[in-house]
Each structure stands twice: as C-alpha cells, then as structure tokens.
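This is target-v2.cif. It holds mmCIF, C-alpha atoms.
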data_structure
loop_
_atom_site.label_atom_id
_atom_site.label_comp_id
_atom_site.auth_asym_id
_atom_site.auth_seq_id
_atom_site.Cartn_x
_atom_site.Cartn_y
_atom_site.Cartn_z
CA MET A 1 -46.04 29.53 37.29
CA TRP A 2 -46.33 28.36 33.67
CA LEU A 3 -44.67 31.53 32.45
CA GLY A 4 -41.71 31.01 34.77
CA LEU A 5 -41.47 27.31 33.90
CA ARG A 6 -41.50 28.07 30.20
CA ALA A 7 -38.92 30.83 30.50
CA ILE A 8 -36.44 28.70 32.44
CA LEU A 9 -37.00 25.66 30.23
CA ILE A 10 -36.40 27.62 27.04
CA LYS A 11 -33.39 29.37 28.57
CA ASP A 12 -31.78 26.07 29.54
CA ILE A 13 -32.31 24.48 26.15
CA VAL A 14 -31.07 27.58 24.30
CA VAL A 15 -27.95 27.83 26.48
CA GLU A 16 -27.11 24.18 25.80
CA LEU A 17 -27.76 24.52 22.06
CA ARG A 18 -25.53 27.61 21.86
CA ALA A 19 -22.68 26.46 24.11
CA ARG A 20 -22.98 22.77 23.14
CA GLN A 21 -21.10 21.56 26.22
CA ALA A 22 -23.09 18.91 28.05
CA LEU A 23 -24.88 17.10 25.23
CA PRO A 24 -21.94 16.04 22.99
CA THR A 25 -19.99 14.95 26.08
CA MET A 26 -23.00 12.95 27.33
CA VAL A 27 -23.57 11.28 23.96
CA VAL A 28 -19.92 10.36 23.41
CA LEU A 29 -19.56 9.11 27.00
CA GLY A 30 -22.61 6.87 26.58
CA MET A 31 -21.34 5.54 23.24
CA LEU A 32 -17.90 4.87 24.75
CA ILE A 33 -19.35 2.89 27.66
CA VAL A 34 -21.46 0.72 25.34
CA PHE A 35 -18.49 0.24 23.02
CA ILE A 36 -16.05 -0.73 25.82
CA LEU A 37 -18.52 -3.24 27.26
CA ARG A 38 -19.09 -4.74 23.82
CA ILE A 39 -15.37 -5.13 23.16
CA ALA A 40 -14.57 -6.37 26.67
CA SER A 41 -17.17 -9.09 26.30
CA GLU A 42 -16.06 -10.06 22.80
CA SER A 43 -12.24 -10.24 23.11
CA ALA A 44 -11.20 -13.33 21.24
CA ALA A 45 -14.79 -14.45 20.85
CA ALA A 46 -15.15 -16.11 24.23
CA GLY A 47 -18.57 -17.51 25.01
CA GLY A 48 -20.85 -15.68 27.42
CA GLY A 49 -21.16 -16.41 31.11
CA ALA A 50 -19.63 -15.44 34.42
CA PRO A 51 -15.96 -14.98 33.36
CA VAL A 52 -16.89 -12.54 30.58
CA MET A 53 -19.22 -10.56 32.83
CA GLY A 54 -16.65 -10.62 35.65
CA ALA A 55 -13.79 -9.36 33.47
CA ALA A 56 -15.94 -6.57 32.02
CA ALA A 57 -17.28 -5.57 35.46
CA LEU A 58 -13.78 -5.47 36.87
CA TRP A 59 -12.33 -3.16 34.20
CA ILE A 60 -15.36 -0.89 34.16
CA ALA A 61 -15.18 -0.57 37.98
CA PHE A 62 -11.45 0.24 37.75
CA LEU A 63 -11.92 2.81 35.01
CA PHE A 64 -14.62 4.79 36.77
CA SER A 65 -13.17 4.58 40.27
CA GLY A 66 -9.78 5.50 38.87
CA LEU A 67 -11.38 8.56 37.26
CA LEU A 68 -12.70 9.64 40.67
CA ALA A 69 -9.22 9.43 42.19
CA GLN A 70 -7.63 11.28 39.28
CA GLU A 71 -10.23 14.01 39.14
CA ARG A 72 -9.60 15.03 42.73
CA SER A 73 -5.85 14.76 42.39
CA PHE A 74 -5.61 18.28 40.92
CA ALA A 75 -8.92 19.66 42.18
CA ALA A 76 -7.36 20.03 45.62
CA GLU A 77 -4.62 22.23 44.15
CA GLN A 78 -7.05 24.76 42.71
CA HIS A 79 -7.78 26.45 46.06
CA ASN A 80 -5.56 29.14 47.57
CA GLY A 81 -3.30 29.09 44.51
CA CYS A 82 -1.70 25.79 45.51
CA MET A 83 -0.97 24.94 41.88
CA ASP A 84 0.98 28.18 41.43
CA GLY A 85 2.93 27.34 44.57
CA LEU A 86 3.79 23.90 43.20
CA LEU A 87 4.88 25.37 39.89
CA LEU A 88 7.04 28.02 41.60
CA ALA A 89 8.86 25.39 43.64
CA PRO A 90 12.29 24.55 42.23
CA LEU A 91 11.00 21.27 40.82
CA ASP A 92 10.81 19.77 37.37
CA ALA A 93 7.17 19.56 36.20
CA GLY A 94 7.83 15.87 35.53
CA THR A 95 8.50 15.34 39.24
CA ILE A 96 5.10 16.80 40.17
CA TYR A 97 3.55 14.45 37.64
CA LEU A 98 5.35 11.37 39.00
CA ALA A 99 4.35 12.17 42.59
CA LYS A 100 0.70 12.64 41.60
CA LEU A 101 0.82 9.48 39.49
CA LEU A 102 2.20 7.39 42.38
CA ALA A 103 -0.48 8.74 44.75
CA ASN A 104 -3.20 7.75 42.25
CA ILE A 105 -1.66 4.30 41.73
CA ILE A 106 -1.59 3.68 45.50
CA LEU A 107 -5.23 4.74 45.88
CA LEU A 108 -6.30 2.51 43.01
CA THR A 109 -4.28 -0.43 44.40
CA ILE A 110 -6.06 -0.18 47.76
CA PHE A 111 -9.35 -0.05 45.84
CA GLU A 112 -8.36 -3.15 43.85
CA ALA A 113 -7.59 -5.07 47.04
CA VAL A 114 -11.22 -4.61 48.06
CA VAL A 115 -13.04 -4.88 44.73
CA VAL A 116 -11.17 -7.81 43.11
CA PRO A 117 -12.13 -10.35 45.82
CA LEU A 118 -15.68 -9.01 45.61
CA VAL A 119 -15.82 -9.67 41.84
CA LEU A 120 -14.29 -13.14 42.30
CA ILE A 121 -16.89 -14.03 44.94
CA ALA A 122 -19.86 -12.45 43.18
CA PHE A 123 -19.19 -14.13 39.82
CA HIS A 124 -17.89 -17.45 41.30
CA LEU A 125 -14.57 -17.17 39.46
CA HIS A 126 -11.52 -19.39 39.89
CA VAL A 127 -8.16 -17.80 39.23
CA ALA A 128 -5.39 -19.68 37.45
CA GLY A 129 -2.28 -18.10 39.01
CA TRP A 130 -2.59 -15.30 41.55
CA GLY A 131 0.81 -13.83 40.70
CA ARG A 132 -0.27 -13.37 37.09
CA LEU A 133 -3.57 -11.84 38.16
CA VAL A 134 -1.75 -9.27 40.30
CA THR A 135 0.60 -8.49 37.40
CA VAL A 136 -2.28 -7.87 34.99
CA LEU A 137 -4.15 -5.72 37.53
CA LEU A 138 -1.09 -3.61 38.33
CA LEU A 139 -0.32 -3.06 34.64
CA GLY A 140 -3.92 -1.98 34.10
CA ASN A 141 -3.67 0.27 37.14
CA LEU A 142 -0.56 2.00 35.77
CA GLY A 143 -2.15 2.54 32.33
CA ILE A 144 -5.36 3.99 33.78
CA SER A 145 -3.49 6.24 36.22
CA SER A 146 -0.86 7.56 33.78
CA VAL A 147 -3.35 8.88 31.22
CA GLY A 148 -5.81 10.03 33.90
CA THR A 149 -3.26 12.01 35.90
CA LEU A 150 -2.03 13.91 32.84
CA PHE A 151 -5.48 14.98 31.69
CA SER A 152 -6.79 15.61 35.20
CA ALA A 153 -4.52 18.66 35.30
CA ALA A 154 -5.77 19.70 31.85
CA VAL A 155 -9.53 19.68 32.52
CA GLN A 156 -9.52 21.37 35.94
CA LEU A 157 -10.82 24.73 34.74
CA THR A 158 -13.63 23.40 32.54
CA ARG A 159 -17.31 23.39 33.42
CA THR A 160 -17.88 19.72 32.57
CA ARG A 161 -14.72 18.59 34.39
CA GLY A 162 -15.54 15.01 35.40
CA ALA A 163 -17.41 14.08 32.24
CA LEU A 164 -14.73 15.60 30.02
CA LEU A 165 -11.98 13.73 31.88
CA SER A 166 -13.90 10.47 31.49
CA ILE A 167 -14.31 10.70 27.72
CA VAL A 168 -10.65 11.71 27.22
CA VAL A 169 -9.36 8.88 29.42
CA LEU A 170 -11.81 6.23 28.18
CA VAL A 171 -11.06 6.85 24.51
CA LEU A 172 -7.29 6.74 25.05
CA LEU A 173 -7.50 3.59 27.19
CA MET A 174 -9.75 1.73 24.77
CA PRO A 175 -6.90 -0.14 23.01
CA MET A 176 -5.53 -1.33 26.35
CA MET A 177 -8.92 -2.70 27.41
CA ILE A 178 -8.89 -5.28 24.59
CA PRO A 179 -5.76 -7.25 25.65
CA ALA A 180 -6.54 -6.47 29.30
CA SER A 181 -9.87 -8.27 29.14
CA PHE A 182 -8.26 -11.00 27.04
CA ALA A 183 -5.70 -11.60 29.81
CA LEU A 184 -8.37 -11.72 32.51
CA LEU A 185 -10.45 -14.17 30.46
CA VAL A 186 -7.42 -16.47 30.23
CA LEU A 187 -6.90 -16.25 34.01
CA PHE A 188 -10.61 -16.92 34.66
CA GLY A 189 -10.42 -20.01 32.47
CA ALA A 190 -12.74 -18.77 29.71
CA LEU A 191 -10.01 -18.82 27.06
CA PRO A 192 -7.03 -21.12 26.45
CA GLU A 193 -3.53 -19.79 27.16
CA ARG A 194 -2.76 -19.40 23.46
CA MET A 195 -5.18 -19.02 20.58
CA VAL A 196 -4.18 -19.29 16.97
CA GLY A 197 -6.90 -18.96 14.42
CA SER A 198 -6.76 -19.60 10.73
CA GLY A 199 -8.65 -18.62 7.62
CA SER A 200 -10.83 -15.55 7.79
CA PHE A 201 -10.78 -15.73 11.58
CA ALA A 202 -7.01 -15.33 11.75
CA PHE A 203 -5.99 -13.69 14.97
CA VAL A 204 -3.15 -14.23 17.34
CA GLY A 205 -3.73 -13.94 21.04
CA SER A 206 -1.82 -15.40 23.94
CA PHE A 207 -1.46 -14.49 27.59
CA PRO A 208 2.21 -13.42 27.28
CA ALA A 209 1.33 -11.30 24.23
CA ALA A 210 -1.47 -9.56 26.13
CA VAL A 211 0.84 -8.81 29.07
CA ALA A 212 3.56 -7.57 26.71
CA TYR A 213 1.04 -5.29 25.02
CA MET A 214 -0.08 -3.80 28.35
CA LEU A 215 3.56 -3.26 29.29
CA ALA A 216 4.19 -1.44 26.00
CA PHE A 217 1.04 0.67 26.43
CA ASP A 218 2.06 1.65 29.98
CA ALA A 219 5.60 2.50 28.89
CA VAL A 220 4.46 4.70 25.97
CA PHE A 221 1.84 6.61 27.96
CA THR A 222 3.81 7.04 31.19
CA VAL A 223 6.83 8.43 29.34
CA ALA A 224 4.73 10.63 27.03
CA SER A 225 2.67 12.02 29.94
CA TRP A 226 5.80 12.63 32.01
CA LEU A 227 7.35 14.60 29.13
CA LEU A 228 4.18 16.52 28.18
CA PHE A 229 3.04 17.37 31.71
CA GLY A 230 5.08 20.59 31.78
CA VAL A 231 3.22 21.84 28.71
CA VAL A 232 -0.16 21.14 30.32
CA VAL A 233 0.40 22.99 33.61
CA GLU A 234 2.47 25.90 32.27
CA GLU A 235 0.55 29.19 32.57
CA MET B 236 -5.43 28.65 -5.82
CA ARG B 237 -7.76 27.19 -3.20
CA ARG B 238 -10.64 27.25 -5.62
CA LEU B 239 -8.52 25.53 -8.25
CA LEU B 240 -7.64 22.80 -5.76
CA LEU B 241 -11.26 22.21 -4.78
CA ALA B 242 -12.44 22.32 -8.41
CA LEU B 243 -9.82 19.73 -9.36
CA ALA B 244 -10.88 17.52 -6.44
CA PHE B 245 -14.49 17.84 -7.56
CA LEU B 246 -13.65 16.86 -11.15
CA LEU B 247 -11.61 13.85 -10.04
CA LEU B 248 -14.44 12.67 -7.77
CA ILE B 249 -16.99 13.02 -10.59
CA ALA B 250 -14.70 11.08 -12.95
CA SER B 251 -14.25 8.38 -10.32
CA THR B 252 -18.00 8.10 -9.77
CA LEU B 253 -18.76 7.97 -13.51
CA ILE B 254 -16.22 5.22 -14.17
CA GLY B 255 -17.29 3.39 -11.02
CA LEU B 256 -20.91 3.43 -12.12
CA THR B 257 -20.21 2.28 -15.69
CA ARG B 258 -17.18 0.31 -16.84
CA GLY B 259 -15.70 -0.13 -13.37
CA GLN B 260 -18.76 -1.58 -11.68
CA ILE B 261 -18.02 -4.33 -9.17
CA ASP B 262 -20.25 -7.33 -8.65
CA PRO B 263 -22.21 -7.67 -6.34
CA LEU B 264 -23.62 -4.18 -6.17
CA GLN B 265 -22.86 -3.28 -2.54
CA ARG B 266 -19.11 -3.63 -3.09
CA ASN B 267 -19.12 -0.47 -5.21
CA ILE B 268 -19.21 1.48 -1.98
CA LEU B 269 -15.49 0.85 -1.69
CA TYR B 270 -14.89 3.68 -4.18
CA VAL B 271 -16.03 6.02 -1.38
CA HIS B 272 -15.05 3.94 1.64
CA VAL B 273 -11.37 3.33 0.86
CA PRO B 274 -10.37 6.94 -0.07
CA ASN B 275 -12.21 8.24 2.99
CA SER B 276 -10.44 5.82 5.32
CA VAL B 277 -7.07 6.86 3.89
CA CYS B 278 -7.96 10.54 4.39
CA ALA B 279 -9.19 9.95 7.94
CA LEU B 280 -5.73 8.59 8.79
CA LEU B 281 -3.91 11.30 6.82
CA CYS B 282 -5.78 14.01 8.72
CA PHE B 283 -4.52 12.44 11.93
CA VAL B 284 -0.96 12.82 10.68
CA VAL B 285 -1.73 16.48 9.93
CA VAL B 286 -3.13 16.93 13.47
CA LEU B 287 0.10 15.44 14.88
CA VAL B 288 2.41 17.59 12.73
CA THR B 289 0.50 20.82 13.41
CA SER B 290 0.22 20.06 17.14
CA VAL B 291 3.97 19.49 17.41
CA GLY B 292 4.46 22.62 15.30
CA TYR B 293 2.31 24.64 17.71
CA LEU B 294 4.12 23.42 20.82
CA ALA B 295 7.49 24.08 19.19
CA THR B 296 6.79 27.58 17.80
CA GLY B 297 3.71 28.87 19.65
CA LYS B 298 2.38 30.33 16.38
CA GLN B 299 -1.39 30.47 16.24
CA THR B 300 -1.64 29.34 12.61
CA TRP B 301 -0.40 25.87 13.61
CA ASP B 302 -3.18 25.62 16.18
CA LEU B 303 -5.85 26.74 13.70
CA ALA B 304 -4.56 24.22 11.15
CA ALA B 305 -4.76 21.47 13.79
CA THR B 306 -8.40 22.37 14.47
CA ALA B 307 -9.16 22.41 10.75
CA ALA B 308 -7.47 19.02 10.23
CA ALA B 309 -9.38 17.50 13.16
CA GLU B 310 -12.68 18.82 11.82
CA ALA B 311 -11.97 17.45 8.35
CA GLY B 312 -10.76 14.18 9.87
CA PHE B 313 -13.96 13.88 11.85
CA VAL B 314 -16.02 14.19 8.67
CA PHE B 315 -13.89 11.58 6.86
CA ALA B 316 -14.01 9.22 9.84
CA THR B 317 -17.79 9.61 9.99
CA ILE B 318 -18.14 8.77 6.29
CA LEU B 319 -15.69 5.88 6.72
CA ASN B 320 -17.79 4.34 9.51
CA ALA B 321 -21.14 5.09 7.86
CA THR B 322 -20.19 3.55 4.50
CA GLY B 323 -18.54 0.66 6.34
CA MET B 324 -21.75 -0.03 8.24
CA ILE B 325 -23.88 0.11 5.10
CA PHE B 326 -21.50 -2.32 3.38
CA SER B 327 -21.38 -4.59 6.44
CA ARG B 328 -25.17 -4.78 6.54
CA ALA B 329 -25.39 -5.72 2.87
CA GLU B 330 -22.43 -8.13 2.86
CA TRP B 331 -22.52 -9.79 6.30
CA ASN B 332 -26.08 -8.96 7.39
CA VAL B 333 -24.97 -7.10 10.56
CA TRP B 334 -24.56 -3.36 10.99
CA TRP B 335 -21.56 -3.70 13.26
CA THR B 336 -19.53 -6.46 14.81
CA PRO B 337 -16.26 -6.38 16.78
CA SER B 338 -13.62 -7.14 14.16
CA PRO B 339 -10.19 -5.45 14.19
CA ARG B 340 -10.84 -3.09 11.28
CA LEU B 341 -14.26 -2.11 12.55
CA VAL B 342 -13.04 -1.55 16.10
CA THR B 343 -10.05 0.52 14.98
CA SER B 344 -12.20 2.66 12.68
CA ALA B 345 -14.67 3.27 15.50
CA ILE B 346 -11.88 4.25 17.91
CA LEU B 347 -10.51 6.64 15.25
CA TRP B 348 -13.92 8.32 15.12
CA PHE B 349 -14.06 8.53 18.93
CA LEU B 350 -10.59 10.12 19.07
CA TYR B 351 -11.68 12.87 16.66
CA ALA B 352 -14.99 13.38 18.48
CA VAL B 353 -13.25 13.78 21.85
CA TYR B 354 -10.68 16.15 20.31
CA LEU B 355 -13.45 18.40 18.99
CA ILE B 356 -15.35 18.32 22.31
CA LEU B 357 -12.13 19.21 24.14
CA ARG B 358 -11.75 22.13 21.71
CA VAL B 359 -15.05 23.75 22.65
CA SER B 360 -14.95 22.84 26.35
CA LEU B 361 -11.66 24.41 27.35
CA PRO B 362 -12.27 27.91 28.66
CA GLY B 363 -9.96 30.79 29.43
CA ALA B 364 -6.88 31.88 27.60
CA GLN B 365 -6.72 30.86 23.96
CA ARG B 366 -3.08 29.85 24.33
CA ARG B 367 -3.69 27.47 27.22
CA ALA B 368 -6.58 25.76 25.41
CA ALA B 369 -4.46 25.47 22.27
CA ARG B 370 -1.63 23.87 24.23
CA LEU B 371 -3.94 21.33 25.86
CA CYS B 372 -5.48 20.38 22.52
CA ALA B 373 -1.99 20.00 21.06
CA VAL B 374 -1.10 17.63 23.91
CA PHE B 375 -4.25 15.61 23.30
CA GLY B 376 -3.52 15.56 19.56
CA ILE B 377 -0.05 14.12 20.16
CA VAL B 378 -1.17 11.58 22.77
CA ALA B 379 -4.09 10.53 20.56
CA PHE B 380 -1.69 9.96 17.67
CA LEU B 381 0.45 7.73 19.92
CA ASP B 382 -2.77 5.79 20.50
CA VAL B 383 -3.28 5.02 16.80
CA PRO B 384 -0.54 2.34 16.37
CA LEU B 385 -1.54 0.88 19.76
CA VAL B 386 -5.12 0.66 18.51
CA TYR B 387 -3.95 -1.26 15.44
CA ILE B 388 -1.84 -3.72 17.47
CA SER B 389 -4.56 -4.26 20.07
CA ALA B 390 -6.95 -5.27 17.31
CA ARG B 391 -5.12 -8.58 16.84
CA PHE B 392 -6.80 -9.84 20.00
CA ILE B 393 -10.10 -9.87 18.11
CA PRO B 394 -11.07 -12.25 15.29
CA ASP B 395 -11.40 -10.71 11.83
CA ILE B 396 -14.02 -10.76 9.13
CA HIS B 397 -12.93 -7.60 7.31
CA ARG B 398 -11.29 -8.19 3.97
CA PRO B 399 -8.07 -6.13 3.92
CA ASN B 400 -7.19 -6.51 0.27
CA PHE B 401 -9.39 -6.34 -2.70
CA SER B 402 -8.33 -7.76 -6.02
CA PHE B 403 -9.58 -5.96 -9.08
CA ASP B 404 -10.66 -7.63 -12.30
CA SER B 405 -10.14 -4.68 -14.62
CA THR B 406 -8.06 -1.55 -14.99
CA TRP B 407 -11.30 0.49 -15.04
CA GLN B 408 -11.90 -0.47 -11.43
CA THR B 409 -8.34 0.40 -10.43
CA ALA B 410 -8.72 3.71 -12.29
CA ALA B 411 -11.98 4.57 -10.50
CA LEU B 412 -10.41 3.87 -7.11
CA MET B 413 -7.23 5.81 -7.86
CA LEU B 414 -9.17 8.83 -9.18
CA GLY B 415 -11.36 8.71 -6.08
CA MET B 416 -8.28 8.49 -3.89
CA ALA B 417 -6.61 11.49 -5.55
CA GLY B 418 -9.85 13.48 -5.50
CA THR B 419 -10.53 12.81 -1.81
CA ILE B 420 -6.96 13.66 -0.77
CA LEU B 421 -7.14 16.95 -2.71
CA LEU B 422 -10.54 17.61 -1.13
CA ALA B 423 -9.04 17.03 2.33
CA ALA B 424 -6.16 19.41 1.60
CA GLY B 425 -8.54 22.03 0.22
CA LEU B 426 -10.91 21.74 3.18
CA ILE B 427 -8.12 22.07 5.74
CA TRP B 428 -6.70 25.08 3.92
CA LEU B 429 -10.09 26.78 3.56
CA ARG B 430 -11.05 26.13 7.16
CA THR B 431 -7.71 27.36 8.53
CA SER B 432 -8.04 30.72 6.78
CA LEU B 433 -11.70 30.96 7.78
CA LEU B 434 -10.76 30.40 11.45
CA ARG B 435 -7.98 32.99 11.14
CA ASP B 436 -10.38 35.57 9.66
CA THR B 437 -12.94 34.86 12.41
CA LEU B 438 -10.34 35.47 15.11
CA LYS B 439 -9.15 38.66 13.40
CA LEU B 440 -12.73 39.92 13.16
CA GLU B 441 -13.37 39.14 16.83
CA GLN B 442 -10.27 41.07 17.84
CA GLU B 443 -11.33 44.04 15.67
CA LEU B 444 -14.79 44.04 17.26
CA LEU B 445 -13.34 43.91 20.77
CA ARG B 446 -11.15 46.92 20.03
#

Could you spell out this file's structure in structure tokens?
Amino acid sequence: MWLGLRAILIKDIVVELRARQALPTMVVLGMLIVFILRIASESAAAGGGAPVMGAAALWIAFLFSGLLAQERSFAAEQHNGCMDGLLLAPLDAGTIYLAKLLANIILLTIFEAVVVPLVLIAFHLHVAGWGRLVTVLLLGNLGISSVGTLFSAAVQLTRTRGALLSIVVLVLLMPMMIPASFALLVLFGALPERMVGSGSFAFVGSFPAAVAYMLAFDAVFTVASWLLFGVVVEE
Amino acid sequence: MRRLLLALAFLLLIASTLIGLTRGQIDPLQRNILYVHVPNSVCALLCFVVVLVTSVGYLATGKQTWDLAATAAAEAGFVFATILNATGMIFSRAEWNVWWTPSPRLVTSAILWFLYAVYLILRVSLPGAQRRAARLCAVFGIVAFLDVPLVYISARFIPDIHRPNFSFDSTWQTAALMLGMAGTILLAAGLIWLRTSLLRDTLKLEQELLR
C-alpha cells in the first residue's frame, strides 16, 4: 500500500511541476479574489459595516454565478460538432456572439432578481432609488457577460476550463468593480452622492461618474468582443 | 548586436547606480529606491504596448515571429511589473509603514501585474494547434491593453497617497534617474529580442526532432 501511495503521490506532484497548469491558476485566482474584496470594501474609503459587506457580497455573487452561466454557454456546443455547425451556418461570427451574450444576460438577470432581494434582506439595506439600482445592476450584468462570453469560447478546449475562465474574466473586470461598488455604496447610503477630496486625498467620485464609467466599460468591451469573436472561434 | 545592446544597458545601469549611491543620493534613504522603481514602471507599461503591437501584427499577418515576440514582451513585462510592485511595497513599508494599501497607483500597478500573470498562464494552458493558441493569446493581449486606460480611470474612485511627481534637488539625481531609465529600456529591448530568437530556435529544434 505504501509503495502505491508513494508512487501516485510522486507522480501527481511531478506532473503538476512539469505541466504547471493547476497551481499558478489556483494562486492567481486566490490573489484576485482577495484583491477584489479588498478594493470593493475600500472604494472611496467608506467605513465598514453592512453596506460595504452587502455591496462586496453582491458583486462577488454576480461574478461567480455569471462565470457558471458563461462557462456552459459554449460547453454545450462541444458535443456532436455543434460548434462546427454554427460556424458553417451563413452567419456572421458577431451574430453568434450577440445571441450567446443575450442568453447569458437573461440568465444573469433572472439570477439577480432572486439574489438582490436576498442581499438587501440579509444585510438590512435600504435602497435610495430602485430605478438607479436596476440601472447599476444591469450595467454590471452587461460588463460581466460581455467579457465572459468572449473568453468562454476561447477556453473550451483547455484542461482547467472553469478556473482559467475565472482568472481571465476577473482580471479584466477588476477596473469595473471599483466604480460598481462605489455606485452601490452610494445607493445603500454609505457614501454621499458626490465626494470631492482635497490635498493628498484628492479623488473625484460621484454617482453619475460611476454610472458613466460603467457605461463606457460596457461599450468598449461589448464592441471589442463582438469584433474579436470571429478570431477566437475560427479554426 | 544583441550583446552590444545588453552590454550598453548594463553599463548605463551601473552608472546610474554609482551616481545614485554617491552624489545623487536622496534623503531619506528609502527614497533612493525610485532609481529602480520608476524605470521599471515605465518599462512595464512599454512592454504592454509591445504586446499590443505584436498581437495586432500577428492577427493581421499570421506570421509566427509576431506571436513569439508577443510572448517575449509579456514575459519581460511580467518581470518588470514584479519588480515595480516589489520595490513599491518596500518603499511603501518604509515611507508609510504599510506594505500595501488601496491607492490608485498601487491598485493600477497590481492590476498590471495580474494582467501579465493571466496572459502567461493562458499561454501555457491553451492546448492543441499552435496557431489557435497564438490567436487566443493575441485576442487576450488586445483586450487586456484596452483594459489599461480603464484601469487608470477607475482608480479615481479611490483616495490617493502615492506621490506622482518627484522634484529633484540636483542635476546628479536627474542624471541617475535618466541613466537608469535609458538602461532599463535598453535592457527591456535586449531581453525581448533575445527571448524571441530563443523561442524561435526552440520551435525550430522541436520541428527538426519531430521529423
């Protein structure tokens, strides 16, 4: 028994050290999660408490559940050569991308409808303006889905599919998470509508600016993904 | 030619260090790290521009050299970004008594490092045809470059303690920084060049062995 145990143990470690697939992905994924939580809880130096925890919990839940939706969005096409069939159809690759993107957005919206009330109840949060909350959530939804859908197609054939997709998507979405959590903190009443600092703490943050930033992020990544999708799926 | 480039870079870096340690010393002591920190941060960003240009070049022409150069630039960029963050943390600890804190410069530098790290992981994780993997990495390289300005804008939602500009008291200090800057940029160029040809030779050798 010891001989077998030793042989398999050494084999597993040697394979990982030679191929170096799981460990770097694991380490970077862990670092990214810590980093995103740290930034989400620090945006504009809000104090601690329920709003900060709630905003961070909400975005983390969206990111990881969104990843689940996106990962399966192209996994289903791998069987029976479905992807080849899609590519052979007289369609622009951009059209395939847009259809997949919309499907992922719809899934994530249904998910939001369930999880957002849960976060509001669990953290005892009061929302200043439901219309604005929906706007922020939908903008976040579009950003998460646009990047995720593009790279979902890219990582399908890899061994560490889900983990690889998460680090790619999390690192690209990091800049959006900063204004996104800022906007939620304003809506949860943890931050004033407009903050203007001075001196060494000079920073400009306001709710409209955060929404405008998310809009710009979504526009850049949706258009870029739509244009580059053909390159990703081409054989 | 390559050796000349690297030798020149080496000489410039030695000159920068010597001046920095003698006539160009900054008070207090920990601030002298900027002679390493600033050139490395510039090179980390420059390497990103190289990754973008070579990635676009690969998608446009399909020539393998572009792809190898993109890999080389990302590897060099990763090293520069690592030094940038490491020296930044050492300085931060000495100056502000914390290793890391969310301030715009610190957050953007960390994200830069993460982008390189993910690029390199993507490189080794993509299986199958070389051309498909190269295309996917090129796409990530382009999308990641689009992320860089967004990273810099997003940072304004965080309060700042990083000092963006540094005023020098003497020309010796300016000289040490400029020599360091020139030396590090030449080093980056030399490293990318060397690594590209090394990768090309490795591929050639593999193909010979397979035949």

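Between CA of Gly292 in chain B and CA of Ala153 in chain A the separation is 22.3 Å.
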
Pick out the residues sitting within 10 Å of Met174 in chain A, and hand them over as a compact mmCIF listing (two decimals) with C-alpha atoms, in the frame of the given file; count all atoms listed in the file, and ignore anything fewer than 6 positions along from it in its own chain.
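Output below, filename selection_9.txt:
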# COMPACT_ATOMS: atom_id res chain seq x y z
CA LEU A 32 -17.90 4.87 24.75
CA PHE A 35 -18.49 0.24 23.02
CA ILE A 36 -16.05 -0.73 25.82
CA ILE A 39 -15.37 -5.13 23.16
CA ALA A 40 -14.57 -6.37 26.67
CA ALA A 180 -6.54 -6.47 29.30
CA VAL B 342 -13.04 -1.55 16.10
CA THR B 343 -10.05 0.52 14.98
CA ILE B 346 -11.88 4.25 17.91
CA PHE B 349 -14.06 8.53 18.93
CA ASP B 382 -2.77 5.79 20.50
CA LEU B 385 -1.54 0.88 19.76
CA VAL B 386 -5.12 0.66 18.51
CA SER B 389 -4.56 -4.26 20.07

Report task. With a distance cut-off of 6 Å and only C-alpha atoms, select the neighbouring residues of range 128-145 of chain A, excluding the residue or stretch itself and same-chain residues fewer than 3 positions from it, and output the selection as a ChimeraX atom specification. Result -> /A:148-149,187,218

Query - Point-to-point distance from CA of Ala212 in chain A to CA of Ala183 in chain A, Å rounded to tenths - result: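 About the pair CA of Ala212 in chain A and CA of Ala183 in chain A: they are 10.6 Å apart.
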
Report task. Using all atoms listed in the file, determine which residues of chain B fall within 9 Å of chain A; present them as a ChimeraX atom specification. Result -> /B:294,337,342-343,345-346,349-350,352-354,356-357,359-363,367-368,370-371,374-375,378-379,381-383,385-398

Report task. Evaluate the PyMOL selection byres ((chain B and resi 322-328) around 10) on the structure here and hand back the selected residues as a PyMOL selection string. Result -> chain B and resi 264-269+271-273+275-276+316-321+329-336+340-341+344+396-397

**Report entry** Counting only C-alpha atoms, the option among B:Gly259, B:Leu247, B:Gln365, B:Tyr293 closest to Leu438 in chain B
**Finding:** B:Gln365

Query - Close residues, Glu71 in chain A itself excluded, 7 Å, only C-alpha atoms, min 4 positions apart in chain, as a VMD selection string - result: chain A and resid 67 75 152 162

Report task. Have a look at CA of Leu184 in chain A and CA of Trp226 in chain A and let me know their distance in Å, one decimal. Result ->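 That distance, rounded to one decimal, is 28.2 Å.
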
Requested in this report: Enumerate, as a list in words, the residues matched when the PyMOL selection byres ((chain A and resi 87-98) around 7) is run on the file above.
Outcome: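 Applied to this file, the PyMOL selection byres ((chain A and resi 87-98) around 7) selects Met83, Asp84, Gly85, Leu86, Ala99, Lys100, Leu101, Leu102, Trp226, Leu227, Phe229 and Gly230 of chain A.
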
Query - Ground truth for the PyMOL selection byres ((chain B and resi 435) around 12), written as JSON, numbers by chain - result: {"B": [298, 299, 300, 301, 302, 303, 304, 306, 307, 428, 429, 430, 431, 432, 433, 434, 436, 437, 438, 439, 440, 441, 442]}

Distance query Gly425 in chain B at most 7 Å, only C-alpha atoms, self and fewer than 2 positions along chain excluded, as a CSV table (one decimal) with C-alpha atoms, in the coordinates of the input:
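result.csv, written as the output of this step:
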chain,number,residue,atom,x,y,z
B,237,ARG,CA,-7.8,27.2,-3.2
B,240,LEU,CA,-7.6,22.8,-5.8
B,241,LEU,CA,-11.3,22.2,-4.8
B,421,LEU,CA,-7.1,17.0,-2.7
B,422,LEU,CA,-10.5,17.6,-1.1
B,423,ALA,CA,-9.0,17.0,2.3
B,427,ILE,CA,-8.1,22.1,5.7
B,428,TRP,CA,-6.7,25.1,3.9
B,429,LEU,CA,-10.1,26.8,3.6
